[in-house]
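**Q** Structure file final_23.cif, mmCIF, C-alpha atoms, is pasted below:
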```cif
data_model
#
loop_
_atom_site.label_atom_id
_atom_site.label_comp_id
_atom_site.auth_asym_id
_atom_site.auth_seq_id
_atom_site.Cartn_x
_atom_site.Cartn_y
_atom_site.Cartn_z
CA MET A 85 -60.34 -22.08 86.93
CA ASP A 86 -61.07 -21.41 83.26
CA THR A 87 -64.04 -19.49 81.90
CA HIS A 88 -66.22 -22.62 81.97
CA GLY A 89 -65.44 -23.38 85.59
CA GLU A 90 -63.08 -26.27 84.84
CA ASP A 91 -59.95 -26.44 86.95
CA ILE A 92 -56.98 -26.84 84.61
CA ARG A 93 -55.48 -29.21 87.17
CA ASP A 94 -58.30 -31.62 86.31
CA VAL A 95 -57.14 -31.95 82.70
CA PRO A 96 -56.05 -35.59 82.17
CA THR A 97 -52.30 -36.01 82.29
CA GLY A 98 -50.58 -36.58 78.97
CA PRO A 99 -47.53 -38.59 78.05
CA HIS A 100 -44.01 -37.44 78.73
CA TYR A 101 -41.11 -38.91 76.82
CA ARG A 102 -37.85 -37.96 75.17
CA ALA A 103 -37.64 -36.91 71.51
CA LEU A 104 -34.46 -37.02 69.44
CA ALA A 105 -33.70 -34.88 66.40
CA LEU A 106 -31.01 -37.10 64.88
CA GLN A 107 -28.53 -35.00 62.90
CA SER A 108 -27.11 -37.30 60.24
CA ARG A 109 -25.06 -37.01 57.06
CA CYS A 110 -26.83 -37.03 53.71
CA ASP A 111 -25.07 -38.93 50.90
CA ALA A 112 -26.54 -37.52 47.69
CA VAL A 113 -27.23 -39.88 44.78
CA ASN A 114 -27.29 -37.26 41.99
CA SER A 115 -24.21 -38.56 40.20
CA LEU A 116 -25.24 -42.22 40.38
CA ALA A 117 -27.10 -44.45 37.96
CA PRO A 118 -30.49 -45.71 39.21
CA ASP A 119 -29.20 -49.12 40.34
CA GLU A 120 -26.20 -47.51 42.06
CA ALA A 121 -28.49 -44.97 43.70
CA ARG A 122 -30.73 -47.71 45.12
CA ALA A 123 -27.71 -49.47 46.59
CA ALA A 124 -26.52 -46.20 48.14
CA ILE A 125 -29.96 -45.60 49.64
CA SER A 126 -29.89 -49.06 51.22
CA ARG A 127 -26.45 -48.38 52.69
CA GLY A 128 -27.69 -45.09 54.06
CA ILE A 129 -30.62 -46.72 55.81
CA VAL A 130 -28.29 -49.30 57.38
CA ARG A 131 -25.99 -46.51 58.61
CA VAL A 132 -28.86 -44.49 60.07
CA ARG A 133 -30.25 -47.60 61.73
CA ALA A 134 -26.94 -48.00 63.57
CA GLU A 135 -26.84 -44.31 64.50
CA ALA A 136 -30.40 -44.34 65.80
CA ALA A 137 -29.91 -47.56 67.77
CA ALA A 138 -26.71 -46.33 69.41
CA SER A 139 -28.29 -42.95 70.20
CA VAL A 140 -31.36 -44.50 71.81
CA ALA A 141 -29.19 -46.91 73.82
CA PHE A 142 -27.01 -44.02 75.03
CA ILE A 143 -29.79 -41.54 75.84
CA GLY A 144 -32.14 -44.05 77.41
CA PRO A 145 -35.29 -46.11 76.86
CA ASP A 146 -37.60 -43.10 77.25
CA VAL A 147 -36.69 -42.00 73.70
CA ARG A 148 -39.97 -42.60 71.89
CA LEU A 149 -39.77 -40.21 68.94
CA VAL A 150 -36.85 -39.97 66.49
CA VAL A 151 -36.96 -37.36 63.74
CA LEU A 152 -34.63 -37.64 60.73
CA PRO A 153 -33.51 -34.83 58.40
CA GLU A 154 -35.00 -33.88 55.05
CA TYR A 155 -34.31 -36.15 52.02
CA LEU A 156 -31.65 -37.84 54.16
CA PHE A 157 -31.03 -40.85 51.91
CA THR A 158 -30.93 -39.14 48.51
CA GLY A 159 -30.25 -35.43 48.59
CA PHE A 160 -32.31 -33.22 46.30
CA PRO A 161 -32.59 -33.15 42.49
CA MET A 162 -30.03 -30.89 40.81
CA GLY A 163 -30.75 -30.78 37.09
CA ASP A 164 -32.40 -34.20 37.13
CA THR A 165 -35.61 -34.54 35.15
CA VAL A 166 -38.75 -35.40 37.08
CA PRO A 167 -38.94 -38.94 35.58
CA GLY A 168 -35.18 -39.36 36.03
CA TRP A 169 -35.27 -38.40 39.70
CA ALA A 170 -38.31 -40.57 40.30
CA ALA A 171 -36.46 -43.59 38.88
CA LYS A 172 -33.29 -42.84 40.83
CA ALA A 173 -34.43 -41.53 44.19
CA ALA A 174 -38.19 -41.71 44.78
CA PHE A 175 -39.47 -44.40 47.15
CA ASP A 176 -42.44 -46.60 46.36
CA PRO A 177 -44.93 -46.11 49.25
CA ASP A 178 -45.04 -49.92 49.55
CA GLY A 179 -41.40 -50.44 48.60
CA PRO A 180 -38.30 -51.83 50.31
CA GLU A 181 -37.09 -48.48 51.66
CA TYR A 182 -40.19 -47.99 53.78
CA GLU A 183 -40.02 -51.62 54.82
CA ALA A 184 -36.46 -51.10 56.07
CA LEU A 185 -37.40 -47.88 57.87
CA GLY A 186 -40.37 -49.66 59.41
CA ALA A 187 -38.03 -52.30 60.77
CA ILE A 188 -35.99 -49.59 62.50
CA ALA A 189 -39.09 -48.17 64.18
CA ARG A 190 -40.29 -51.61 65.16
CA ASP A 191 -36.96 -52.85 66.50
CA LEU A 192 -36.23 -49.68 68.47
CA ARG A 193 -39.88 -49.35 69.57
CA VAL A 194 -40.02 -45.71 68.51
CA TYR A 195 -42.01 -43.44 66.26
CA LEU A 196 -39.68 -42.64 63.38
CA ALA A 197 -40.30 -39.45 61.40
CA GLY A 198 -38.46 -38.45 58.25
CA ASN A 199 -38.68 -37.19 54.69
CA ALA A 200 -38.22 -38.70 51.24
CA TYR A 201 -39.27 -38.30 47.65
CA GLU A 202 -41.89 -40.86 46.68
CA THR A 203 -43.99 -41.97 43.75
CA ASP A 204 -47.77 -42.37 43.68
CA PRO A 205 -49.71 -44.79 41.45
CA HIS A 206 -52.44 -42.17 41.03
CA PHE A 207 -49.96 -39.77 39.44
CA PRO A 208 -47.58 -41.70 37.17
CA GLY A 209 -44.69 -39.65 35.88
CA LEU A 210 -44.62 -37.41 38.96
CA TYR A 211 -43.18 -37.67 42.44
CA PHE A 212 -43.92 -35.84 45.68
CA GLN A 213 -41.69 -34.90 48.57
CA ALA A 214 -43.22 -36.61 51.57
CA CYS A 215 -42.85 -36.41 55.31
CA PHE A 216 -43.68 -39.64 57.09
CA VAL A 217 -44.16 -40.96 60.59
CA ILE A 218 -43.75 -44.68 61.14
CA GLY A 219 -45.11 -46.20 64.33
CA PRO A 220 -43.47 -48.85 66.54
CA THR A 221 -45.48 -51.49 64.70
CA GLY A 222 -43.51 -50.64 61.56
CA ASP A 223 -46.55 -49.15 59.80
CA VAL A 224 -46.75 -45.65 58.35
CA VAL A 225 -49.19 -43.72 60.55
CA LEU A 226 -48.79 -40.35 58.82
CA ARG A 227 -47.88 -39.33 55.28
CA TYR A 228 -47.78 -35.63 54.42
CA ARG A 229 -46.89 -34.49 50.89
CA ARG A 230 -45.10 -31.14 50.89
CA LEU A 231 -47.34 -28.32 49.65
CA HIS A 232 -44.76 -25.53 49.25
CA SER A 233 -41.94 -26.52 46.95
CA MET A 234 -39.93 -24.45 44.50
CA PHE A 235 -38.87 -27.10 41.99
CA ALA A 236 -40.89 -30.23 42.79
CA PRO A 237 -44.52 -31.21 42.14
CA SER A 238 -46.94 -30.86 45.03
CA PRO A 239 -50.52 -31.98 45.65
CA TYR A 240 -51.62 -28.42 44.85
CA ASP A 241 -50.34 -28.85 41.30
CA VAL A 242 -52.80 -31.73 40.76
CA TRP A 243 -55.28 -30.42 43.30
CA ASP A 244 -58.65 -31.65 42.06
CA ARG A 245 -57.36 -35.12 41.24
CA TYR A 246 -55.50 -35.31 44.54
CA LEU A 247 -58.60 -34.45 46.55
CA ASP A 248 -60.60 -37.00 44.58
CA ALA A 249 -58.00 -39.65 45.40
CA TYR A 250 -57.30 -38.85 49.05
CA GLY A 251 -59.53 -36.09 50.46
CA ILE A 252 -58.51 -33.03 52.43
CA ASP A 253 -57.69 -34.96 55.62
CA ALA A 254 -54.78 -36.61 53.81
CA VAL A 255 -53.53 -33.21 52.62
CA LEU A 256 -53.24 -31.94 56.21
CA PRO A 257 -52.85 -35.11 58.27
CA VAL A 258 -52.53 -35.35 62.05
CA ALA A 259 -51.74 -38.70 63.66
CA ARG A 260 -53.30 -39.28 67.06
CA THR A 261 -50.88 -41.49 68.96
CA GLU A 262 -49.89 -42.37 72.51
CA LEU A 263 -47.19 -39.69 72.14
CA GLY A 264 -49.77 -37.00 71.46
CA ASN A 265 -51.03 -35.65 68.17
CA LEU A 266 -48.19 -35.63 65.63
CA ALA A 267 -47.94 -33.63 62.42
CA ALA A 268 -45.13 -32.97 59.96
CA VAL A 269 -43.73 -29.87 58.27
CA ALA A 270 -41.04 -30.04 55.59
CA SER A 271 -37.97 -27.82 55.58
CA GLU A 272 -38.78 -24.24 54.52
CA GLU A 273 -42.46 -24.82 55.17
CA ILE A 274 -41.69 -23.76 58.75
CA LEU A 275 -41.68 -20.24 57.23
CA TYR A 276 -45.38 -20.52 56.31
CA PRO A 277 -47.45 -19.83 59.45
CA GLU A 278 -50.69 -20.73 57.65
CA LEU A 279 -49.65 -24.35 57.24
CA THR A 280 -48.62 -24.86 60.84
CA ARG A 281 -51.73 -23.15 62.16
CA ALA A 282 -53.92 -25.33 59.93
CA LEU A 283 -52.30 -28.47 61.36
CA VAL A 284 -52.66 -27.19 64.92
CA LEU A 285 -56.33 -26.38 64.32
CA ARG A 286 -56.66 -30.05 63.39
CA GLY A 287 -55.20 -30.96 66.79
CA ALA A 288 -51.43 -31.16 66.21
CA GLU A 289 -49.34 -30.92 69.38
CA VAL A 290 -45.90 -32.02 68.16
CA LEU A 291 -44.51 -30.81 64.82
CA CYS A 292 -41.91 -33.10 63.27
CA HIS A 293 -39.70 -30.83 61.15
CA SER A 294 -37.34 -32.62 58.76
CA THR A 295 -35.02 -30.02 57.24
CA SER A 296 -31.76 -29.52 55.38
CA GLU A 297 -30.73 -25.95 55.88
CA ALA A 298 -27.78 -23.63 56.27
CA GLY A 299 -26.46 -23.62 59.79
CA SER A 300 -25.15 -20.38 61.23
CA PRO A 301 -23.90 -18.96 64.53
CA ARG A 302 -26.38 -16.13 63.91
CA PRO A 303 -30.17 -16.59 64.02
CA THR A 304 -31.47 -17.74 60.66
CA ALA A 305 -34.97 -17.19 59.30
CA LYS A 306 -35.86 -20.84 59.91
CA ALA A 307 -34.48 -20.81 63.45
CA VAL A 308 -36.58 -17.75 64.24
CA ALA A 309 -39.59 -19.36 62.57
CA ARG A 310 -39.28 -22.51 64.67
CA ILE A 311 -39.52 -20.44 67.84
CA ALA A 312 -42.41 -18.43 66.42
CA ARG A 313 -44.38 -21.45 65.22
CA ALA A 314 -43.93 -23.17 68.59
CA SER A 315 -44.94 -20.21 70.76
CA GLU A 316 -47.82 -18.92 68.63
CA ASN A 317 -49.35 -22.40 68.41
CA LEU A 318 -48.42 -23.73 71.86
CA ALA A 319 -46.76 -26.72 70.18
CA TYR A 320 -43.49 -28.61 70.37
CA VAL A 321 -41.20 -28.47 67.33
CA VAL A 322 -38.69 -31.30 66.84
CA SER A 323 -36.41 -30.21 64.01
CA ALA A 324 -33.69 -32.44 62.53
CA ASN A 325 -31.12 -30.96 60.14
CA THR A 326 -28.60 -32.77 57.98
CA ALA A 327 -24.99 -33.09 59.11
CA GLY A 328 -23.81 -31.89 55.72
CA ILE A 329 -24.33 -33.33 52.25
CA THR A 330 -21.74 -35.35 50.34
CA GLY A 331 -21.72 -36.29 46.68
CA THR A 332 -22.37 -32.88 45.12
CA ALA A 333 -20.25 -29.87 44.24
CA ILE A 334 -21.93 -27.82 46.95
CA PRO A 335 -19.57 -27.44 49.95
CA GLY A 336 -20.52 -30.32 52.20
CA ALA A 337 -20.95 -28.43 55.47
CA SER A 338 -23.31 -25.85 53.98
CA THR A 339 -26.33 -27.60 55.48
CA ASP A 340 -25.14 -28.58 58.91
CA ALA A 341 -25.89 -28.02 62.61
CA MET A 342 -28.84 -26.40 64.41
CA SER A 343 -31.06 -29.44 64.90
CA GLN A 344 -33.35 -28.23 67.66
CA ILE A 345 -36.15 -29.08 70.02
CA VAL A 346 -38.34 -26.10 70.87
CA ASP A 347 -41.03 -26.20 73.53
CA PHE A 348 -44.50 -24.66 73.46
CA ASP A 349 -43.21 -21.46 75.11
CA GLY A 350 -40.70 -20.99 72.27
CA ILE A 351 -37.76 -22.03 74.44
CA VAL A 352 -34.99 -24.01 72.72
CA LEU A 353 -34.56 -27.08 74.93
CA ALA A 354 -31.67 -28.62 72.97
CA GLU A 355 -29.58 -27.78 69.92
CA ALA A 356 -26.82 -29.64 68.06
CA GLY A 357 -23.59 -28.16 66.79
CA PRO A 358 -21.94 -29.19 63.51
CA GLY A 359 -21.50 -32.81 62.46
CA ALA A 360 -23.42 -36.00 62.97
CA SER A 361 -24.98 -35.66 66.41
CA MET A 362 -27.51 -37.01 68.89
CA VAL A 363 -27.20 -33.91 71.10
CA ALA A 364 -30.62 -32.48 70.15
CA HIS A 365 -32.81 -34.51 72.49
CA ALA A 366 -35.15 -33.38 75.23
CA GLU A 367 -38.21 -34.37 77.19
CA LEU A 368 -41.62 -33.52 75.77
CA ASP A 369 -44.30 -33.08 78.44
CA LEU A 370 -47.72 -33.29 76.80
CA ALA A 371 -49.54 -32.78 80.09
CA ALA A 372 -47.86 -29.39 80.50
CA LEU A 373 -48.67 -28.49 76.88
CA ARG A 374 -52.32 -29.39 77.34
CA ARG A 375 -52.53 -27.38 80.55
CA ALA A 376 -51.03 -24.39 78.75
CA ARG A 377 -53.53 -24.69 75.91
CA ARG A 378 -56.42 -24.60 78.39
CA ARG A 379 -55.02 -21.74 80.46
CA PRO A 380 -56.79 -18.40 79.86
CA GLY A 381 -54.67 -15.30 79.39
CA MET A 382 -52.97 -13.09 76.84
CA GLY A 383 -50.31 -15.70 76.18
CA ASN A 384 -52.82 -18.23 74.85
CA LEU A 385 -52.52 -17.04 71.26
CA LEU A 386 -54.13 -20.20 69.94
CA SER A 387 -57.42 -19.41 71.69
CA ARG A 388 -57.37 -15.80 70.53
CA GLY A 389 -57.19 -16.47 66.79
CA LYS A 390 -59.84 -15.46 64.25
CA PRO A 391 -59.64 -18.11 61.51
CA GLY A 392 -62.99 -17.14 60.00
CA LEU A 393 -61.75 -13.62 59.33
CA TRP A 394 -58.49 -14.77 57.77
CA ALA A 395 -60.23 -17.41 55.66
CA GLN A 396 -62.19 -14.65 53.94
CA GLU A 397 -59.15 -12.42 53.55
CA PHE A 398 -56.89 -15.13 52.16
CA ALA A 399 -59.60 -16.35 49.80
CA ARG A 400 -59.49 -13.06 47.89
CA ALA A 401 -55.69 -12.94 47.69
CA GLU A 402 -53.52 -13.80 44.71
CA GLY A 403 -50.87 -16.51 44.86
CA GLU A 404 -49.93 -19.79 43.24
CA ARG A 405 -52.85 -21.35 41.43
CA PRO A 406 -53.86 -25.02 41.67
CA ASN A 407 -53.94 -27.74 39.00
CA GLY A 408 -50.97 -26.52 36.98
CA LEU A 409 -50.00 -30.14 36.30
CA ALA A 410 -53.55 -31.44 35.96
CA ASP A 411 -52.80 -33.12 32.62
CA GLY A 412 -50.12 -35.27 34.26
CA THR A 413 -47.30 -34.13 31.98
CA PRO A 414 -43.98 -34.28 33.85
CA PRO A 415 -42.72 -30.69 34.17
CA ASP A 416 -39.21 -29.50 33.41
CA ARG A 417 -37.38 -27.00 35.59
CA ALA A 418 -38.48 -24.14 33.33
CA TRP A 419 -42.13 -24.87 34.19
CA PHE A 420 -41.53 -24.12 37.86
CA ALA A 421 -39.70 -20.90 36.98
CA ARG A 422 -42.59 -19.80 34.75
CA ARG A 423 -45.09 -20.54 37.50
CA GLN A 424 -43.26 -18.25 39.90
CA ALA A 425 -42.88 -15.50 37.28
CA GLU A 426 -46.61 -15.62 36.52
CA THR A 427 -47.44 -15.49 40.22
CA LEU A 428 -45.20 -12.47 40.68
CA GLU A 429 -46.95 -10.74 37.77
CA ARG A 430 -50.35 -11.32 39.40
CA LEU A 431 -49.07 -9.96 42.70
CA VAL A 432 -47.86 -6.82 40.94
CA ARG A 433 -51.20 -6.36 39.17
CA ALA A 434 -53.02 -6.84 42.47
CA GLY A 435 -50.89 -4.15 44.11
CA VAL A 436 -49.29 -6.57 46.58
CA ILE A 437 -45.88 -5.87 45.06
CA THR A 438 -45.06 -2.37 43.82
#
```
Represent the supplied structure as structure tokens.
**A**
Amino acid sequence: MDTHGEDIRDVPTGPHYRALALQSRCDAVNSLAPDEARAAISRGIVRVRAEAAASVAFIGPDVRLVVLPEYLFTGFPMGDTVPGWAAKAAFDPDGPEYEALGAIARDLRVYLAGNAYETDPHFPGLYFQACFVIGPTGDVVLRYRRLHSMFAPSPYDVWDRYLDAYGIDAVLPVARTELGNLAAVASEEILYPELTRALVLRGAEVLCHSTSEAGSPRPTAKAVARIARASENLAYVVSANTAGITGTAIPGASTDAMSQIVDFDGIVLAEAGPGASMVAHAELDLAALRRARRRPGMGNLLSRGKPGLWAQEFARAEGERPNGLADGTPPDRAWFARRQAETLERLVRAGVIT
């Protein structure tokens, strides 16, 4: 019995299904002209469609959620200007790339999560890095624009205008679906516990983590963070890494392996080795997660949090400031470097860094 007299066995059962973190190769478009890049993106979507279809057929029809790696169809900008990368690699939210991805979700009858750079008509000249979830109808049911990014614009850089256009619920979206409450976290954002906790406080149960990160036989910071974010929030983490990146001078296998599924106790249920792989798949039991979230005890860290206290403490802290790109001018790489240098100076003055 819990403290209100409710037997946790009376909690309604939730769905159980298999999730797949599809580890797939990223073919970067950096060296290509815009028309060549668009053709390469289309070929990449066709290839991933075949990989996903074969994986689902092999694993079984209970695969309902497929998570793809970070910027899988383009790679990341390396010296490209913001307008140049937008023309070459950013998807139109209503464009053909999302239409093709929607067809994959619809034909395989899965929720398809992934990550791409995309434009926004409210912010011409800029692009955002977006995580998406597409439902089995082919429609986008969740769009999250990455908030922590070293060299790319984020909603925080145009904060007031972004809130006017979309509101705070679109900044921290949670999709309530028959698979549970889904949210998305991009790449290194798994290292920011504030973001994940904010999504969980909005109801998130399954965190779709599209990443492109260095694989290692030793525990990496992101691998540790996945376990921490899952256990501290009583949430599943489905994390898909790239199977290497081609088309750049960076050694191709630098970002390879370690796609994982972590359960709400912080236990790694499945993990892929190097190369393109469907090995990282496991069953997600939402009924068990919901029972755990209602179970009193020291292990229920989610119920023992003090968000009101931390809201006050964080509000007085120094960090990146909003609206740095409020005038809409496309930034160059030097702008992002200056922003970090200025933030570091404020942290020194505040005594955070000595």
**Q** Any chance you could work out the axis-aligned box around range 186-189 of chain A, listed atoms only, 3 Å on each side, giving centre and edge lengths in Å to one decimal, as lines of an AutoDock Vina configuration file?
**A**
```
center_x = -38.2
center_y = -50.2
center_z = 61.8
size_x = 10.4
size_y = 10.1
size_z = 10.8
```
**Q** Counting only C-alpha atoms, figure out which residue out of A:Asn317, A:Ala333, A:Val290, A:Ala249 gets nearest to Pro277 in chain A.
**A**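 Residue with the minimum atom-to-atom distance to Pro277 in chain A: A:Asn317.
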**Q** Please tell me which residues are no farther than 8 Å from (-39.7, -21.9, 72.9) in the file, counting only C-alpha atoms, and write them as a PyMOL selection string.
**A** chain A and resi 311-312+314-315+346-353
**Q** Would you kindly return, as a list in words, each protein, DNA or RNA residue with an atom no farther than 9 Å from any atom of Glu273 in chain A, considering all atoms listed in the file and excluding same-chain residues fewer than 3 positions away?
**A** Arg230, Leu231, His232, Ser233, Val269, Ala270, Tyr276, Pro277, Leu279, Thr280 and His293 of chain A
**Q** Which value, in Å to one decimal, gives the distance between CA of Ala327 in chain A and CA of Ala341 in chain A?
**A**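 Going from CA of Ala327 in chain A over to CA of Ala341 in chain A covers 6.2 Å.
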**Q** Decode the PyMOL selection byres ((chain A and resi 121) around 12) for the given file into explicit residues and return them as a ChimeraX atom specification.
**A** /A:111-120,122-128,157-159,168-175,331
**Q** So what does the PyMOL selection byres ((chain A and resi 284) around 10) actually pick up in this one, as an NGL selection string?
**A** :A and (256 or 258 or 265-267 or 278-283 or 285-291 or 317-319 or 386)
**Q** Rank nothing, just name the residue among A:Ile334, A:Leu428, A:Leu149, A:Val224 nearest to Pro177 in chain A, using all atoms listed in the file.
**A**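 Ranked by minimum distance to Pro177 in chain A, first place goes to A:Val224.
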**Q** Distance CA of Thr221 in chain A-CA of Ile188 in chain A, one decimal place?
**A**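 That distance, rounded to one decimal, is 9.9 Å.
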**Q** Have a look at A:Leu185, A:Ala137, A:Leu104, A:Val147 and name the one nearest to Gly222 in chain A; count only C-alpha atoms.
**A**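 Between A:Leu185, A:Ala137, A:Leu104, A:Val147, the residue approaching Gly222 in chain A most closely is A:Leu185.
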**Q** Select, from A:Asp416, A:Glu429, A:Asp411, A:Glu397, the residue with the minimum atom-to-atom distance to Pro161 in chain A, counting only C-alpha atoms.
**A**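 So, comparing all the options, the nearest one is A:Asp416.
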**Q** Measure the distance from CA of Arg260 in chain A to CA of Ser294 in chain A in Å and round it to one decimal.
**A** 19.2 Å
**Q** Within 10 Å of Asp223 in chain A, counting all atoms listed in the file, which residues show up once you throw out same-chain ones fewer than 2 positions away? Write them as a list in words, please.
**A**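 Here the qualifying residues turn out to be Tyr182, Glu183, Leu185, Gly186, Ala187, Ala189, Arg190, Tyr195, Val217, Ile218, Gly219, Pro220, Thr221, Val225 and Leu226 of chain A.
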**Q** Measuring between all atoms listed in the file, which one of A:Ala184, A:Arg245, A:Ala324, A:Pro414 shows the shortest distance to His206 in chain A?
**A**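 Looking only at the distances to His206 in chain A, the closest residue turns out to be A:Arg245.
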**Q** Measuring atom to atom with only C-alpha atoms, identify which of A:Val140, A:Ala214, A:Cys110, A:Leu368 is nearest to Ser338 in chain A.
**A**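 Closest to Ser338 in chain A, using only C-alpha atoms: A:Cys110.
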